[in-house]
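Structure, as structure tokens:
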Amino acid sequence: MDIHQLYTLYQQHPCITTDSRDCPEGSIFLALKGEKFNGNRYALQALEKGCAYAIVDEAPLPTSPEGEGTSSQLIKVDDCLQTFKDLAREHRRQFSIPVIGITGTNGKTTTKELVRAVLSDSYLVLATEVNINNDVGVPKTLFRLTDDDEIAVVEMGASHPGDIKTLVETAEPTCGLITNVGRAHLQGFGSFEGVCRTKGELYDFLRSHELPVFVNRDNEHLVKMAEGMPDVYYYGQSDAPEILIRGEVISCAPFLKFRWREQDSDAGYQSEWMEVQTQLIGAYNIDNLLAAITIGYVNNVPFEQINHALANYRPQNNRSQLTDTEHNHLIVDAYNANPSSMQAAIDNFRRMDVGHKMAILGDMRELGEASAEEHQHIADLLAEASFEEVWLVGSEFAKTQSAFRKFADVDEVKAEIAHQQPRNRYILIKGSNGIRLFQLPELL
């Protein structure tokens, strides 16, 4: 079967499952493979549970337990993952709505959620759930498109060169945004330049189709990467004349308060400043907020609705959250960490107008040969920050030259918390997910 025939079959059975434990009656099972699983082994089981068809990519095809040979409900393709992406693209092409592609080293999930919030008062919005943003997650998002949706916001993640190219060729965005580029996943990208090239694959796609981009004018790397784009909407904090939406941080005590306005330097016009009190921790979030405002503005969302959406947005999933416990105030950002996001978190914590600051920071993973240098750089920043107490967790931070307390793993930290019982502190908790610092808030 070619992809058009498969899509016709999908239209007759419009539900694809990749999990043999979840097989709705009449659905299509698609046998994906990973390092620790092989869906081909469960194809017949999926049919027995109620799937109408199973798409597999291994030969010979599985045989039925009764020895009746291959099932007529089994469809053989060359590569199930590629078929999944091709089917998702075919489904996406049934809709002429705007599709906003978002990628970047840091802030893409928060920005995606802010964009969703800003647009949702004016449109029916489909957006990536949580951060399911890889070559399986993006197709799953696209398959959720229905005739009711008016705008789609698709988050795209990458850890290797070519990842974004694959995702944009699947999602075919009509506009896009790169939040930033930083030193993350260096083990996969090879270098910072590799990060820029990979994230820039979103710009490459949009440039080749003469489609618009949203660019942070204050980020010199993004400005350079966007050269030659036919249609650019700039936002930022500087007074560069081409900026469409300009913003400024007012305070972080501890939540970010900022102001913004629309401006058109060519016409000599600028609106009045509008202040927004957010529920976000981190001055670095102003870039994410301005991106969402700019996208909302270009899509004709009224200013009042934009401000209301941003003021009422509450972060989730251990991203820039402030949690008040019985004993402390926790700034939890324990989902992920890389050098740029770690530096931003430290800088923001330093400028927060609160007392009794403590930092518990875990290793940054996937940095390859740059790991020792990057962890030492963070230790040096911490030495300049003058927090009252700093705990470093993991084998990479253990190698740094610093006077801070060091712990081999989260279990050692738990034991020390039980012994010391920190009280009346603002505590920054940040590290790569694998360090498991997300286990600490309930103890503090």
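Ligands are numbered from 1 in the order shown, residues from 1 within each chain, and chains are lettered A, B, ... in the order they appear in the structure tokens.
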key: Secondary structure check, alpha helix (DSSP H) residues of range 120-347 of chain A, as a PyMOL selection string   = chain A and resi 120+137-143+163-171+186-189+192-199+201-208+220-225+285-298+303-312+339-347
- Task: Would you kindly return, as an MDAnalysis selection string, each protein, DNA or RNA residue with an atom no farther than 8 Å from any atom of Asn131 in chain A, considering only C-alpha atoms and excluding same-chain residues fewer than 3 positions away?
- Result: chainID A and resid 109 128 155
- Task: Find the residues near Ile245 in chain A: any atom within 6 Å, counting only C-alpha atoms, skip ones fewer than 4 places away on the same chain, and give them as a ChimeraX atom specification.
- Result: /A:235,261-262
Notebook entry, point to check: Which is closer to Leu222 in chain A than all the others in A:Leu206, A:Ile243, A:Leu177, A:Ile102, using only C-alpha atoms?
Noted result: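 Checking each of A:Leu206, A:Ile243, A:Leu177, A:Ile102 against Leu222 in chain A, counting only C-alpha atoms, the winner is A:Leu177.
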Considering only strand (DSSP E) as DSSP defines it on the backbone, what residues of range 76-183 of chain A qualify? List them as a PDB file with N, CA, C and O atoms, in the first residue's frame.
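Saved to part.pdb:
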```pdb
ATOM      1  N   LYS A  76       2.286  -4.843   5.737  1.00  0.00           N
ATOM      2  CA  LYS A  76       3.750  -4.735   5.805  1.00  0.00           C
ATOM      3  C   LYS A  76       4.213  -3.451   5.114  1.00  0.00           C
ATOM      4  O   LYS A  76       3.815  -3.157   3.981  1.00  0.00           O
ATOM      5  N   VAL A  99      -0.402  26.674  11.324  1.00  0.00           N
ATOM      6  CA  VAL A  99       0.325  25.737  12.180  1.00  0.00           C
ATOM      7  C   VAL A  99       1.599  26.436  12.626  1.00  0.00           C
ATOM      8  O   VAL A  99       2.461  26.750  11.798  1.00  0.00           O
ATOM      9  N   ILE A 100       1.702  26.692  13.915  1.00  0.00           N
ATOM     10  CA  ILE A 100       2.846  27.420  14.477  1.00  0.00           C
ATOM     11  C   ILE A 100       3.855  26.413  15.005  1.00  0.00           C
ATOM     12  O   ILE A 100       3.555  25.649  15.935  1.00  0.00           O
ATOM     13  N   GLY A 101       5.047  26.383  14.426  1.00  0.00           N
ATOM     14  CA  GLY A 101       6.101  25.492  14.886  1.00  0.00           C
ATOM     15  C   GLY A 101       7.003  26.195  15.886  1.00  0.00           C
ATOM     16  O   GLY A 101       7.456  27.315  15.629  1.00  0.00           O
ATOM     17  N   ILE A 102       7.256  25.552  17.027  1.00  0.00           N
ATOM     18  CA  ILE A 102       8.092  26.149  18.077  1.00  0.00           C
ATOM     19  C   ILE A 102       9.200  25.183  18.448  1.00  0.00           C
ATOM     20  O   ILE A 102       8.950  24.013  18.774  1.00  0.00           O
ATOM     21  N   THR A 103      10.443  25.669  18.405  1.00  0.00           N
ATOM     22  CA  THR A 103      11.571  24.890  18.903  1.00  0.00           C
ATOM     23  C   THR A 103      12.505  25.833  19.642  1.00  0.00           C
ATOM     24  O   THR A 103      12.227  27.010  19.808  1.00  0.00           O
ATOM     25  N   VAL A 125      -7.832  26.019  19.758  1.00  0.00           N
ATOM     26  CA  VAL A 125      -6.409  25.767  19.566  1.00  0.00           C
ATOM     27  C   VAL A 125      -6.067  24.315  19.886  1.00  0.00           C
ATOM     28  O   VAL A 125      -6.411  23.800  20.954  1.00  0.00           O
ATOM     29  N   LEU A 126      -5.371  23.668  18.970  1.00  0.00           N
ATOM     30  CA  LEU A 126      -4.758  22.370  19.244  1.00  0.00           C
ATOM     31  C   LEU A 126      -3.288  22.614  19.538  1.00  0.00           C
ATOM     32  O   LEU A 126      -2.611  23.297  18.769  1.00  0.00           O
ATOM     33  N   ALA A 127      -2.787  22.090  20.648  1.00  0.00           N
ATOM     34  CA  ALA A 127      -1.377  22.287  21.000  1.00  0.00           C
ATOM     35  C   ALA A 127      -0.776  20.980  21.493  1.00  0.00           C
ATOM     36  O   ALA A 127      -1.483  20.096  22.004  1.00  0.00           O
ATOM     37  N   ILE A 151      -6.373  26.793  14.960  1.00  0.00           N
ATOM     38  CA  ILE A 151      -4.925  27.036  14.958  1.00  0.00           C
ATOM     39  C   ILE A 151      -4.264  25.853  15.666  1.00  0.00           C
ATOM     40  O   ILE A 151      -4.804  25.330  16.651  1.00  0.00           O
ATOM     41  N   ALA A 152      -3.096  25.452  15.191  1.00  0.00           N
ATOM     42  CA  ALA A 152      -2.313  24.405  15.860  1.00  0.00           C
ATOM     43  C   ALA A 152      -0.978  24.980  16.304  1.00  0.00           C
ATOM     44  O   ALA A 152      -0.353  25.767  15.583  1.00  0.00           O
ATOM     45  N   VAL A 153      -0.546  24.590  17.503  1.00  0.00           N
ATOM     46  CA  VAL A 153       0.748  25.009  18.041  1.00  0.00           C
ATOM     47  C   VAL A 153       1.540  23.733  18.311  1.00  0.00           C
ATOM     48  O   VAL A 153       1.181  22.955  19.203  1.00  0.00           O
ATOM     49  N   VAL A 154       2.592  23.526  17.541  1.00  0.00           N
ATOM     50  CA  VAL A 154       3.322  22.268  17.578  1.00  0.00           C
ATOM     51  C   VAL A 154       4.741  22.498  18.086  1.00  0.00           C
ATOM     52  O   VAL A 154       5.536  23.209  17.470  1.00  0.00           O
ATOM     53  N   GLU A 155       5.030  21.880  19.220  1.00  0.00           N
ATOM     54  CA  GLU A 155       6.377  21.969  19.809  1.00  0.00           C
ATOM     55  C   GLU A 155       7.267  20.896  19.194  1.00  0.00           C
ATOM     56  O   GLU A 155       6.848  19.752  18.999  1.00  0.00           O
ATOM     57  N   CYS A 175       4.245  29.055  10.046  1.00  0.00           N
ATOM     58  CA  CYS A 175       5.082  30.095  10.640  1.00  0.00           C
ATOM     59  C   CYS A 175       5.841  29.432  11.781  1.00  0.00           C
ATOM     60  O   CYS A 175       5.560  28.283  12.136  1.00  0.00           O
ATOM     61  N   GLY A 176       6.822  30.139  12.351  1.00  0.00           N
ATOM     62  CA  GLY A 176       7.599  29.467  13.382  1.00  0.00           C
ATOM     63  C   GLY A 176       8.364  30.393  14.291  1.00  0.00           C
ATOM     64  O   GLY A 176       8.498  31.599  14.032  1.00  0.00           O
ATOM     65  N   LEU A 177       8.866  29.795  15.355  1.00  0.00           N
ATOM     66  CA  LEU A 177       9.591  30.513  16.395  1.00  0.00           C
ATOM     67  C   LEU A 177      10.682  29.626  16.971  1.00  0.00           C
ATOM     68  O   LEU A 177      10.427  28.470  17.310  1.00  0.00           O
ATOM     69  N   ILE A 178      11.899  30.149  17.052  1.00  0.00           N
ATOM     70  CA  ILE A 178      12.971  29.517  17.815  1.00  0.00           C
ATOM     71  C   ILE A 178      13.155  30.359  19.073  1.00  0.00           C
ATOM     72  O   ILE A 178      13.480  31.547  18.984  1.00  0.00           O
TER      73      ILE A 178
END
```
Requested in this report: Calculate how many Å separate CA of Lys199 in chain A from CA of Phe143 in chain A, rounding to one decimal.
Outcome: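 Calculated distance between CA of Lys199 in chain A and CA of Phe143 in chain A is 23.7 Å.
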| message | Excluding Ala418 in chain A and its own-chain neighbours fewer than 3 positions away, which residues fall within 12 Å of it when counting only C-alpha atoms? Please give them as an MDAnalysis selection string. | response | chainID A and resid 411:415 421:423 440 442:444
Looking at A:Cys23, A:Leu145, A:Ile346, A:Ala253, which one is nearest to Pro98 in chain A, with distances taken over only C-alpha atoms?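 Closest to Pro98 in chain A, using only C-alpha atoms: A:Leu145.
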Need to verify the contact set: Tyr233 in chain A, 10 Å, only C-alpha atoms, exclusion of same-chain residues closer than 2 positions in sequence. Can you return it as number ranges by chain? A: 177, 212-217, 231, 235, 242-245, 291, 294-295, 298
Mind dumping the selected residues with N, CA, C and O atoms as a short mmCIF file (atom, residue, chain, number, x, y, z; two decimals), in the first residue's frame?
```cif
data_model
loop_
_atom_site.label_atom_id
_atom_site.label_comp_id
_atom_site.auth_asym_id
_atom_site.auth_seq_id
_atom_site.Cartn_x
_atom_site.Cartn_y
_atom_site.Cartn_z
N LEU A 177 8.87 29.79 15.36
CA LEU A 177 9.59 30.51 16.40
C LEU A 177 10.68 29.63 16.97
O LEU A 177 10.43 28.47 17.31
N PRO A 212 6.46 33.28 7.36
CA PRO A 212 6.96 34.20 8.39
C PRO A 212 7.55 33.51 9.62
O PRO A 212 7.23 32.36 9.93
N VAL A 213 8.42 34.27 10.31
CA VAL A 213 9.01 33.81 11.57
C VAL A 213 8.88 34.91 12.61
O VAL A 213 8.76 36.09 12.28
N PHE A 214 8.93 34.49 13.88
CA PHE A 214 8.92 35.40 15.02
C PHE A 214 10.31 35.31 15.65
O PHE A 214 10.76 34.22 16.02
N VAL A 215 11.00 36.45 15.78
CA VAL A 215 12.41 36.44 16.17
C VAL A 215 12.66 37.40 17.32
O VAL A 215 12.22 38.56 17.28
N ASN A 216 13.38 36.91 18.33
CA ASN A 216 13.83 37.75 19.44
C ASN A 216 14.96 38.64 18.93
O ASN A 216 16.08 38.17 18.69
N ARG A 217 14.69 39.92 18.78
CA ARG A 217 15.67 40.86 18.22
C ARG A 217 16.91 41.00 19.09
O ARG A 217 17.99 41.38 18.61
N ASP A 231 9.75 37.45 5.76
CA ASP A 231 8.74 38.08 6.63
C ASP A 231 9.10 37.78 8.08
O ASP A 231 8.93 36.65 8.54
N TYR A 235 10.47 40.85 18.25
CA TYR A 235 10.10 41.28 19.60
C TYR A 235 11.38 41.38 20.42
O TYR A 235 12.42 40.86 20.03
N GLU A 242 13.19 48.12 14.55
CA GLU A 242 12.34 47.15 13.84
C GLU A 242 11.48 46.31 14.77
O GLU A 242 10.67 45.50 14.32
N ILE A 243 11.65 46.48 16.09
CA ILE A 243 10.87 45.67 17.04
C ILE A 243 9.39 46.05 16.98
O ILE A 243 9.02 47.22 17.04
N LEU A 244 8.56 45.03 16.87
CA LEU A 244 7.11 45.23 16.83
C LEU A 244 6.52 45.26 18.24
O LEU A 244 5.67 46.10 18.56
N ILE A 245 6.93 44.30 19.09
CA ILE A 245 6.45 44.23 20.47
C ILE A 245 7.67 44.36 21.38
O ILE A 245 8.58 43.54 21.34
N ALA A 291 7.22 36.66 23.07
CA ALA A 291 6.96 35.82 21.90
C ALA A 291 5.47 35.51 21.79
O ALA A 291 4.88 35.61 20.70
N THR A 294 3.52 38.58 20.71
CA THR A 294 3.70 38.89 19.29
C THR A 294 2.87 37.97 18.42
O THR A 294 2.22 38.41 17.46
N ILE A 295 2.86 36.68 18.74
CA ILE A 295 2.04 35.74 17.98
C ILE A 295 0.56 36.07 18.13
O ILE A 295 -0.21 36.04 17.17
N VAL A 298 -0.19 39.30 16.03
CA VAL A 298 -0.24 39.04 14.59
C VAL A 298 -1.51 38.29 14.22
O VAL A 298 -2.03 38.43 13.11
#
```
Discussion item. Give me the residues near Glu374 in chain A as a PyMOL selection string, where near means some atom within 9 Å (using only C-alpha atoms) and where sequence neighbours in that chain fewer than 2 positions away do not count.
Written reply: chain A and resi 183+338-339+364+367+370-372+376-379
A straight line from CA of Glu369 in chain A to CA of Ser191 in chain A spans 9.8 Å
Compile the contact shell of Ile75 in chain A as a list in words: residues with an atom at most 9 Å away, counting only C-alpha atoms, same-chain residues fewer than 5 positions apart removed.
-> Met1, Tyr53, Ala54, Ile55, Val56, Asp57 and Leu61 of chain A
